[in-house]
Structures are given as structure tokens and as C-alpha cells.
Amino acid sequence: SELKEAICTNLIQPHFQPQVSITDRTTIAVEALARWYSPDKQQMPPPAVFIPFAEQNGLIDLLTEKIYIQAVQQVAIWRRSGLDLKVAINLSMDNLHDLSLPDRLNAIATEEDVPVDRIILEITESRLATDHSAALEILTRLRLMGFSLSIDDFGTGYSSMELLHNIPFTELKLDRQFVHGAHSNKSSRAILESSISLAQNLSMDVVAEGVEDQQDWDLMANLGCNLIQGYFIAKPQPADALYPWLCRQLKP
């Protein structure tokens with residue numbers, strides 16, 4: 001009941017983390033990451049706790065839609081101020097059971113005057129879809145509408161290859177556990193090299209998350225990654241805190 005109330009009253013809000021081009025360091029997109037805000041500054045459960053809890057207790061559809069609406073509204077605000085950014089928004093595999101989902105997401109984007117090609121839907125593998133046929137139909141319809149589809153935390157779930165084979169993903173996102181420190185870890189580097197090669201052969205963009213230092217950045221550049229995300233660039237921040245950072249970056 002506490003989690004549901006927090007979702008309904010917008011106490012769970014998106015923070016935004018930039019994704020920058022590895023070639024010229026310009027911000028191409030931001031990822032919307034759910035954070036539980038406490039008006040009285042108490043320490044609230046982190047996403048690793050409340051998101052699985054939402055999945056397990058029938059609240060993930062409500063949580064996803066609330067974050068999606070807030071994130072799309074923020075993109076619209078940025079667009080009006082001259083910042084044309086894409087936004088990556090996470091979908092749980094558990095969201096992919098409702099065949100009305102594509103129409104709802106498209107209607108929200110239309111209402112906020114945000115083109116759907118500015119929205120990247122990240123599909124996580126925290127839990128397996130119980131109805132693969134429904135998930136395939138929903139994701140295919142989203143792609144046909146013009147949404148981009150990203151497979152998140154690639155390599156951490158045993159369904160990754162099946163999903164890549166069946167679903168028209170446009171982006172592959174490398175999990176942080178393979179990225180940070182890979183310059184000194186042969187196993188991680190081999191996984192990254194094979195994953196990036198696979199994505200390139202499938203004409204997919206590659207995003208590396210968890211880039212924490214210059215060595216991580218240099219390795220991703222050498223391996224041919226497109227976009228970089230991590231604390232080396234910027235931490236997730238509320239929109240009003242991130243806006244000055246974005247404006248400074250755009251100055252010549």
C-alpha cells in the first residue's frame with residue numbers, strides 16, 4: 001500500500017543519466033531511472049528493492065506508466081527549450097502482457113507532442129516473460145510505430161539470444177558488470193568484444209553503461225561502442241539539476 005501510494009502521488013520520480021557519443025562527447029539521450037523521493041528526507045528503498053517488489057505485487061504496470069509519463073513530459077519541456085534529446089525508459093518483461101500497451105504509450109507521446117522516434121524502450125531481463133507470443137506482438141507493434149527498442153543488461157539473462165533472434169531490437173546495452181574494469185579482465189573484455197561484434201553485424205547501436213573512469217572510456221572507444229553512460233560522465237540527477245549541465249555542454 002505504501003508503494004502504491006508513492007507511485008500514485010508521484011513520490012517515485014525519474015532521475016536522468018546522460019548517454020554521450022563516444023566520438024564527440026555530445027549528449028544524444030538520457031535514461032530515465034526511477035527514484036523514490038521522501039519529502040521528509042528519510043532514506044527510501046532503492047530501485048533494486050522497490051522495482052522487483054512492484055513486479056511481484058502487481059504494481060509494475062502502474063509504476064512503468066507513471067515514470068513513462070513523467071519522462072516524456074520532461075523531454076517535451078527540454079524540446080521547447082531547444083534541447084532535442086532522446087529518452088530511454090525501462091519496461092519490465094512483466095509489462096509485456098497487455099496488448100493495449102503500444103497504443104497507450106503512443107497516445108501519451110502524441111499528447112505531449114514528442115515524436116516516438118525520440119523514445120527508446122529498454123527491455124530488461126530481470127524476469128522472463130511468461131507469454132512470449134504476447135511479448136513478441138507488443139514489441140513488434142511498438143517498433144512498427146517508430147519506437148526504438150533496446151535490450152538492457154545484455155548477457156546477464158539466458159533469454160538474450162532468443163530475444164535478439166525474434167524481436168526487432170535497434171540497440172544493445174552492455175551491462176555494467178562487464179564494462180567497468182574490463183581493461184584488466186580478459187573474460188569481461190572477450191564478452192564485450194563478442195557482444196559488440198554481434199550488435200554491429202545486426203546493425204544495432206551499442207551503449208555501454210557503468211563507465212566509471214578514463215580506462216573504461218578508452219576501451220569502449222577502441223572496441224567500437226557508440227554511446228557511453230556512467231558516473232565518469234554524470235550521475236543520475238533530477239531534471240532541474242541536470243539542465244544546467246546539459247546547457248554548459250552545448251556551449252561552444
# chains A, B, ... in the order shown; residues from 1 in each chain; ligands from 1
>>> select_by_dssp(residues="segment 68-109 of chain A", states="strand (DSSP E or B)", output="short mmCIF file (atom, residue, chain, number, x, y, z; two decimals) with all heavy atoms, in the first residue's frame")
data_model
loop_
_atom_site.label_atom_id
_atom_site.label_comp_id
_atom_site.auth_asym_id
_atom_site.auth_seq_id
_atom_site.Cartn_x
_atom_site.Cartn_y
_atom_site.Cartn_z
N LYS A 86 16.89 12.25 -26.98
CA LYS A 86 16.13 11.02 -26.85
C LYS A 86 16.06 10.64 -25.38
O LYS A 86 16.91 11.06 -24.58
CB LYS A 86 16.80 9.88 -27.63
CG LYS A 86 16.82 10.08 -29.14
CD LYS A 86 17.43 8.88 -29.83
CE LYS A 86 17.43 9.04 -31.34
NZ LYS A 86 18.00 7.85 -32.03
N VAL A 87 15.06 9.84 -25.02
CA VAL A 87 14.96 9.36 -23.65
C VAL A 87 14.77 7.85 -23.67
O VAL A 87 13.97 7.32 -24.44
CB VAL A 87 13.81 10.05 -22.87
CG1 VAL A 87 12.45 9.76 -23.51
CG2 VAL A 87 13.82 9.65 -21.40
N ALA A 88 15.54 7.17 -22.85
CA ALA A 88 15.43 5.72 -22.69
C ALA A 88 14.62 5.44 -21.43
O ALA A 88 14.92 5.97 -20.36
CB ALA A 88 16.81 5.08 -22.59
N ILE A 89 13.58 4.63 -21.58
CA ILE A 89 12.67 4.32 -20.48
C ILE A 89 12.57 2.81 -20.36
O ILE A 89 12.37 2.12 -21.35
CB ILE A 89 11.28 4.93 -20.74
CG1 ILE A 89 11.40 6.45 -20.96
CG2 ILE A 89 10.34 4.62 -19.59
CD1 ILE A 89 10.14 7.10 -21.51
N ASN A 90 12.70 2.32 -19.13
CA ASN A 90 12.72 0.88 -18.92
C ASN A 90 11.32 0.29 -18.91
O ASN A 90 10.40 0.83 -18.30
CB ASN A 90 13.40 0.56 -17.59
CG ASN A 90 14.89 0.80 -17.64
OD1 ASN A 90 15.64 -0.03 -18.12
ND2 ASN A 90 15.32 1.96 -17.15
N LEU A 91 11.18 -0.84 -19.61
CA LEU A 91 9.99 -1.68 -19.50
C LEU A 91 10.40 -2.98 -18.84
O LEU A 91 11.44 -3.55 -19.16
CB LEU A 91 9.39 -1.99 -20.87
CG LEU A 91 8.81 -0.86 -21.71
CD1 LEU A 91 8.21 -1.43 -22.99
CD2 LEU A 91 7.75 -0.10 -20.94
#
>>> residues_around(residues="Phe232 of chain A", least_positions_apart="3", cutoff="8 Å", atoms="only C-alpha atoms", output="PyMOL selection string")
chain A and resi 211-214+229+235
>>> residues_around(residues="Phe147 of chain A", least_positions_apart="4", cutoff="9 Å", atoms="only C-alpha atoms", output="list in words")
Asn106, Pro115, Val116, Asp117, Arg118, Ile119, Ile120, Leu121, Leu142 and Arg143 of chain A
>>> write_last_selection(atoms="N, CA, C and O atoms", output="PDB file, in the first residue's frame")
ATOM      1  N   ASN A 106       1.903   5.273 -27.258  1.00  0.00           N
ATOM      2  CA  ASN A 106       1.864   6.160 -28.414  1.00  0.00           C
ATOM      3  C   ASN A 106       0.960   7.363 -28.150  1.00  0.00           C
ATOM      4  O   ASN A 106       1.307   8.505 -28.508  1.00  0.00           O
ATOM      5  N   PRO A 115       7.825  13.140 -30.646  1.00  0.00           N
ATOM      6  CA  PRO A 115       7.874  12.075 -31.660  1.00  0.00           C
ATOM      7  C   PRO A 115       8.347  10.759 -31.039  1.00  0.00           C
ATOM      8  O   PRO A 115       9.273  10.751 -30.220  1.00  0.00           O
ATOM      9  N   VAL A 116       7.726   9.671 -31.438  1.00  0.00           N
ATOM     10  CA  VAL A 116       8.086   8.388 -30.820  1.00  0.00           C
ATOM     11  C   VAL A 116       9.502   7.958 -31.183  1.00  0.00           C
ATOM     12  O   VAL A 116      10.089   7.127 -30.482  1.00  0.00           O
ATOM     13  N   ASP A 117      10.066   8.532 -32.238  1.00  0.00           N
ATOM     14  CA  ASP A 117      11.451   8.172 -32.559  1.00  0.00           C
ATOM     15  C   ASP A 117      12.456   8.805 -31.592  1.00  0.00           C
ATOM     16  O   ASP A 117      13.654   8.561 -31.693  1.00  0.00           O
ATOM     17  N   ARG A 118      11.970   9.621 -30.662  1.00  0.00           N
ATOM     18  CA  ARG A 118      12.816  10.155 -29.597  1.00  0.00           C
ATOM     19  C   ARG A 118      12.732   9.307 -28.337  1.00  0.00           C
ATOM     20  O   ARG A 118      13.336   9.661 -27.313  1.00  0.00           O
ATOM     21  N   ILE A 119      11.983   8.222 -28.381  1.00  0.00           N
ATOM     22  CA  ILE A 119      11.769   7.376 -27.208  1.00  0.00           C
ATOM     23  C   ILE A 119      12.385   6.001 -27.449  1.00  0.00           C
ATOM     24  O   ILE A 119      12.091   5.343 -28.448  1.00  0.00           O
ATOM     25  N   ILE A 120      13.261   5.602 -26.533  1.00  0.00           N
ATOM     26  CA  ILE A 120      13.888   4.277 -26.569  1.00  0.00           C
ATOM     27  C   ILE A 120      13.307   3.463 -25.417  1.00  0.00           C
ATOM     28  O   ILE A 120      13.352   3.885 -24.261  1.00  0.00           O
ATOM     29  N   LEU A 121      12.748   2.325 -25.717  1.00  0.00           N
ATOM     30  CA  LEU A 121      12.180   1.453 -24.693  1.00  0.00           C
ATOM     31  C   LEU A 121      13.182   0.343 -24.396  1.00  0.00           C
ATOM     32  O   LEU A 121      13.513  -0.459 -25.278  1.00  0.00           O
ATOM     33  N   LEU A 142       5.281  -1.922 -31.245  1.00  0.00           N
ATOM     34  CA  LEU A 142       5.990  -0.718 -30.803  1.00  0.00           C
ATOM     35  C   LEU A 142       7.031  -0.290 -31.829  1.00  0.00           C
ATOM     36  O   LEU A 142       7.170   0.893 -32.143  1.00  0.00           O
ATOM     37  N   ARG A 143       7.750  -1.256 -32.344  1.00  0.00           N
ATOM     38  CA  ARG A 143       8.784  -0.942 -33.337  1.00  0.00           C
ATOM     39  C   ARG A 143       8.161  -0.402 -34.615  1.00  0.00           C
ATOM     40  O   ARG A 143       8.675   0.551 -35.209  1.00  0.00           O
TER      41      ARG A 143
END
>>> closest_residue(among="A:Gln249, A:Asn222, A:Ser203, A:Ser148", to="Ile22 of chain A", atoms="only C-alpha atoms")
A:Asn222
>>> residues_around(residues="Ala208 of chain A", least_positions_apart="3", cutoff="7 Å", atoms="only C-alpha atoms", output="JSON, numbers by chain")
{"A": [173, 174, 175, 179, 211, 225, 227, 228, 229]}
>>> write_last_selection(atoms="N, CA, C and O atoms", output="mmCIF file, in the first residue's frame")
data_model
loop_
_atom_site.group_PDB
_atom_site.id
_atom_site.type_symbol
_atom_site.label_atom_id
_atom_site.label_comp_id
_atom_site.auth_asym_id
_atom_site.auth_seq_id
_atom_site.Cartn_x
_atom_site.Cartn_y
_atom_site.Cartn_z
ATOM 1 N N LYS A 173 22.491 -2.912 -25.051
ATOM 2 C CA LYS A 173 23.084 -2.185 -23.931
ATOM 3 C C LYS A 173 23.927 -3.155 -23.099
ATOM 4 O O LYS A 173 23.416 -4.131 -22.547
ATOM 5 N N LEU A 174 25.211 -2.854 -23.011
ATOM 6 C CA LEU A 174 26.144 -3.708 -22.305
ATOM 7 C C LEU A 174 26.029 -3.487 -20.806
ATOM 8 O O LEU A 174 26.046 -2.345 -20.327
ATOM 9 N N ASP A 175 25.944 -4.558 -20.047
ATOM 10 C CA ASP A 175 25.759 -4.452 -18.605
ATOM 11 C C ASP A 175 27.038 -3.964 -17.927
ATOM 12 O O ASP A 175 28.150 -4.307 -18.325
ATOM 13 N N VAL A 179 31.498 -4.020 -18.119
ATOM 14 C CA VAL A 179 32.153 -2.825 -18.650
ATOM 15 C C VAL A 179 33.231 -2.296 -17.718
ATOM 16 O O VAL A 179 34.388 -2.125 -18.121
ATOM 17 N N VAL A 211 30.391 3.062 -17.161
ATOM 18 C CA VAL A 211 31.715 3.624 -17.450
ATOM 19 C C VAL A 211 32.095 4.549 -16.298
ATOM 20 O O VAL A 211 31.460 5.579 -16.078
ATOM 21 N N CYS A 225 32.192 0.982 -29.473
ATOM 22 C CA CYS A 225 30.916 1.305 -28.853
ATOM 23 C C CYS A 225 30.416 2.669 -29.339
ATOM 24 O O CYS A 225 31.215 3.563 -29.633
ATOM 25 N N LEU A 227 27.661 4.706 -27.736
ATOM 26 C CA LEU A 227 27.287 5.616 -26.664
ATOM 27 C C LEU A 227 27.819 5.126 -25.329
ATOM 28 O O LEU A 227 27.953 3.916 -25.107
ATOM 29 N N ILE A 228 28.102 6.095 -24.455
ATOM 30 C CA ILE A 228 28.674 5.815 -23.150
ATOM 31 C C ILE A 228 27.758 6.387 -22.074
ATOM 32 O O ILE A 228 27.248 7.498 -22.196
ATOM 33 N N GLN A 229 27.592 5.610 -21.006
ATOM 34 C CA GLN A 229 26.783 6.055 -19.871
ATOM 35 C C GLN A 229 27.477 5.622 -18.585
ATOM 36 O O GLN A 229 27.958 4.493 -18.483
#
>>> select_by_dssp(residues="segment 65-244 of chain A", states="helix (DSSP H, G or I)", output="PyMOL selection string")
chain A and resi 65-80+93-95+101-111+116-118+132-145+160-166+176-179+182-184+186-201+214-223+239-244
>>> residues_around(residues="Pro236 of chain A", least_positions_apart="2", cutoff="9 Å", atoms="only C-alpha atoms", output="list in words")
Pro14, His15, Phe16, Gln17, Pro18, Glu31, Ala32, Leu33, Gly230, Tyr231, Ala234, Pro238 and Leu242 of chain A
>>> write_last_selection(atoms="N, CA, C and O atoms", output="PDB file, in the first residue's frame")
ATOM      1  N   PRO A  14      11.441  10.150 -12.047  1.00  0.00           N
ATOM      2  CA  PRO A  14      12.631   9.815 -12.828  1.00  0.00           C
ATOM      3  C   PRO A  14      13.797  10.753 -12.539  1.00  0.00           C
ATOM      4  O   PRO A  14      13.619  11.970 -12.454  1.00  0.00           O
ATOM      5  N   HIS A  15      14.967  10.162 -12.346  1.00  0.00           N
ATOM      6  CA  HIS A  15      16.224  10.894 -12.472  1.00  0.00           C
ATOM      7  C   HIS A  15      16.780  10.544 -13.844  1.00  0.00           C
ATOM      8  O   HIS A  15      16.466   9.493 -14.403  1.00  0.00           O
ATOM      9  N   PHE A  16      17.615  11.424 -14.383  1.00  0.00           N
ATOM     10  CA  PHE A  16      18.072  11.259 -15.755  1.00  0.00           C
ATOM     11  C   PHE A  16      19.595  11.181 -15.800  1.00  0.00           C
ATOM     12  O   PHE A  16      20.284  12.004 -15.208  1.00  0.00           O
ATOM     13  N   GLN A  17      20.095  10.158 -16.517  1.00  0.00           N
ATOM     14  CA  GLN A  17      21.539   9.993 -16.679  1.00  0.00           C
ATOM     15  C   GLN A  17      21.898  10.108 -18.156  1.00  0.00           C
ATOM     16  O   GLN A  17      21.314   9.403 -18.995  1.00  0.00           O
ATOM     17  N   PRO A  18      22.834  10.992 -18.517  1.00  0.00           N
ATOM     18  CA  PRO A  18      23.161  11.212 -19.934  1.00  0.00           C
ATOM     19  C   PRO A  18      23.822   9.993 -20.581  1.00  0.00           C
ATOM     20  O   PRO A  18      24.549   9.230 -19.946  1.00  0.00           O
ATOM     21  N   GLU A  31      18.793   8.422 -19.892  1.00  0.00           N
ATOM     22  CA  GLU A  31      17.986   7.308 -19.399  1.00  0.00           C
ATOM     23  C   GLU A  31      17.202   7.771 -18.184  1.00  0.00           C
ATOM     24  O   GLU A  31      17.752   8.402 -17.272  1.00  0.00           O
ATOM     25  N   ALA A  32      15.907   7.469 -18.169  1.00  0.00           N
ATOM     26  CA  ALA A  32      15.054   7.793 -17.033  1.00  0.00           C
ATOM     27  C   ALA A  32      15.105   6.643 -16.032  1.00  0.00           C
ATOM     28  O   ALA A  32      14.765   5.504 -16.366  1.00  0.00           O
ATOM     29  N   LEU A  33      15.552   6.936 -14.815  1.00  0.00           N
ATOM     30  CA  LEU A  33      15.738   5.926 -13.779  1.00  0.00           C
ATOM     31  C   LEU A  33      14.865   6.282 -12.575  1.00  0.00           C
ATOM     32  O   LEU A  33      14.957   7.383 -12.028  1.00  0.00           O
ATOM     33  N   GLY A 230      27.542   6.510 -17.607  1.00  0.00           N
ATOM     34  CA  GLY A 230      28.165   6.134 -16.341  1.00  0.00           C
ATOM     35  C   GLY A 230      28.592   7.337 -15.542  1.00  0.00           C
ATOM     36  O   GLY A 230      28.525   8.487 -16.005  1.00  0.00           O
ATOM     37  N   TYR A 231      29.081   7.082 -14.333  1.00  0.00           N
ATOM     38  CA  TYR A 231      29.470   8.163 -13.434  1.00  0.00           C
ATOM     39  C   TYR A 231      30.663   8.958 -13.945  1.00  0.00           C
ATOM     40  O   TYR A 231      30.892  10.080 -13.504  1.00  0.00           O
ATOM     41  N   ALA A 234      28.335  11.547 -15.916  1.00  0.00           N
ATOM     42  CA  ALA A 234      27.430  12.224 -14.982  1.00  0.00           C
ATOM     43  C   ALA A 234      26.603  11.175 -14.256  1.00  0.00           C
ATOM     44  O   ALA A 234      26.269  10.138 -14.826  1.00  0.00           O
ATOM     45  N   PRO A 238      17.932  14.674 -10.906  1.00  0.00           N
ATOM     46  CA  PRO A 238      16.636  15.237 -11.277  1.00  0.00           C
ATOM     47  C   PRO A 238      16.789  16.162 -12.473  1.00  0.00           C
ATOM     48  O   PRO A 238      17.868  16.719 -12.716  1.00  0.00           O
ATOM     49  N   LEU A 242      20.020  18.496 -13.796  1.00  0.00           N
ATOM     50  CA  LEU A 242      20.752  18.110 -14.996  1.00  0.00           C
ATOM     51  C   LEU A 242      20.733  19.207 -16.065  1.00  0.00           C
ATOM     52  O   LEU A 242      21.678  19.313 -16.855  1.00  0.00           O
TER      53      LEU A 242
END
>>> closest_residue(among="A:Leu99, A:Leu11, A:Ala71, A:Leu3", to="Gly58 of chain A", atoms="only C-alpha atoms")
A:Leu3
>>> residues_around(residues="segment 5-10 of chain A", least_positions_apart="5", cutoff="10 Å", atoms="only C-alpha atoms", output="number ranges by chain")
A: 36-38, 59-60, 62-67, 70
>>> write_last_selection(atoms="N, CA and C atoms", output="PDB file, in the first residue's frame")
ATOM      1  N   TRP A  36      12.786   6.864  -5.525  1.00  0.00           N
ATOM      2  CA  TRP A  36      11.734   7.115  -4.543  1.00  0.00           C
ATOM      3  C   TRP A  36      12.117   8.333  -3.722  1.00  0.00           C
ATOM      4  N   TYR A  37      11.322   9.388  -3.853  1.00  0.00           N
ATOM      5  CA  TYR A  37      11.599  10.658  -3.191  1.00  0.00           C
ATOM      6  C   TYR A  37      10.879  10.710  -1.850  1.00  0.00           C
ATOM      7  N   SER A  38      11.560  11.191  -0.829  1.00  0.00           N
ATOM      8  CA  SER A  38      10.973  11.333   0.501  1.00  0.00           C
ATOM      9  C   SER A  38      10.884  12.809   0.870  1.00  0.00           C
ATOM     10  N   LEU A  59       2.174  -4.176  -9.313  1.00  0.00           N
ATOM     11  CA  LEU A  59       2.235  -2.717  -9.411  1.00  0.00           C
ATOM     12  C   LEU A  59       3.152  -2.229 -10.523  1.00  0.00           C
ATOM     13  N   ILE A  60       3.744  -3.146 -11.262  1.00  0.00           N
ATOM     14  CA  ILE A  60       4.761  -2.729 -12.232  1.00  0.00           C
ATOM     15  C   ILE A  60       4.146  -1.965 -13.406  1.00  0.00           C
ATOM     16  N   LEU A  62       1.548   0.083 -13.285  1.00  0.00           N
ATOM     17  CA  LEU A  62       1.294   1.424 -12.781  1.00  0.00           C
ATOM     18  C   LEU A  62       2.590   2.212 -12.662  1.00  0.00           C
ATOM     19  N   LEU A  63       3.625   1.586 -12.106  1.00  0.00           N
ATOM     20  CA  LEU A  63       4.915   2.252 -11.938  1.00  0.00           C
ATOM     21  C   LEU A  63       5.512   2.635 -13.292  1.00  0.00           C
ATOM     22  N   THR A  64       5.502   1.712 -14.235  1.00  0.00           N
ATOM     23  CA  THR A  64       6.076   1.981 -15.552  1.00  0.00           C
ATOM     24  C   THR A  64       5.365   3.134 -16.243  1.00  0.00           C
ATOM     25  N   GLU A  65       4.034   3.127 -16.198  1.00  0.00           N
ATOM     26  CA  GLU A  65       3.288   4.183 -16.884  1.00  0.00           C
ATOM     27  C   GLU A  65       3.546   5.549 -16.250  1.00  0.00           C
ATOM     28  N   LYS A  66       3.626   5.602 -14.914  1.00  0.00           N
ATOM     29  CA  LYS A  66       3.893   6.871 -14.242  1.00  0.00           C
ATOM     30  C   LYS A  66       5.267   7.417 -14.627  1.00  0.00           C
ATOM     31  N   ILE A  67       6.291   6.569 -14.616  1.00  0.00           N
ATOM     32  CA  ILE A  67       7.638   7.011 -14.993  1.00  0.00           C
ATOM     33  C   ILE A  67       7.667   7.412 -16.462  1.00  0.00           C
ATOM     34  N   GLN A  70       6.049  10.907 -16.853  1.00  0.00           N
ATOM     35  CA  GLN A  70       6.919  11.970 -16.355  1.00  0.00           C
ATOM     36  C   GLN A  70       8.126  12.180 -17.265  1.00  0.00           C
TER      37      GLN A  70
END
>>> closest_residue(among="A:Lys41, A:Arg80, A:Arg176, A:His97", to="Leu136 of chain A", atoms="only C-alpha atoms")
A:His97
>>> atom_distance(atom1="atom CA of Ile77 of chain A", atom2="atom CA of Gly146 of chain A")
21.0 Å
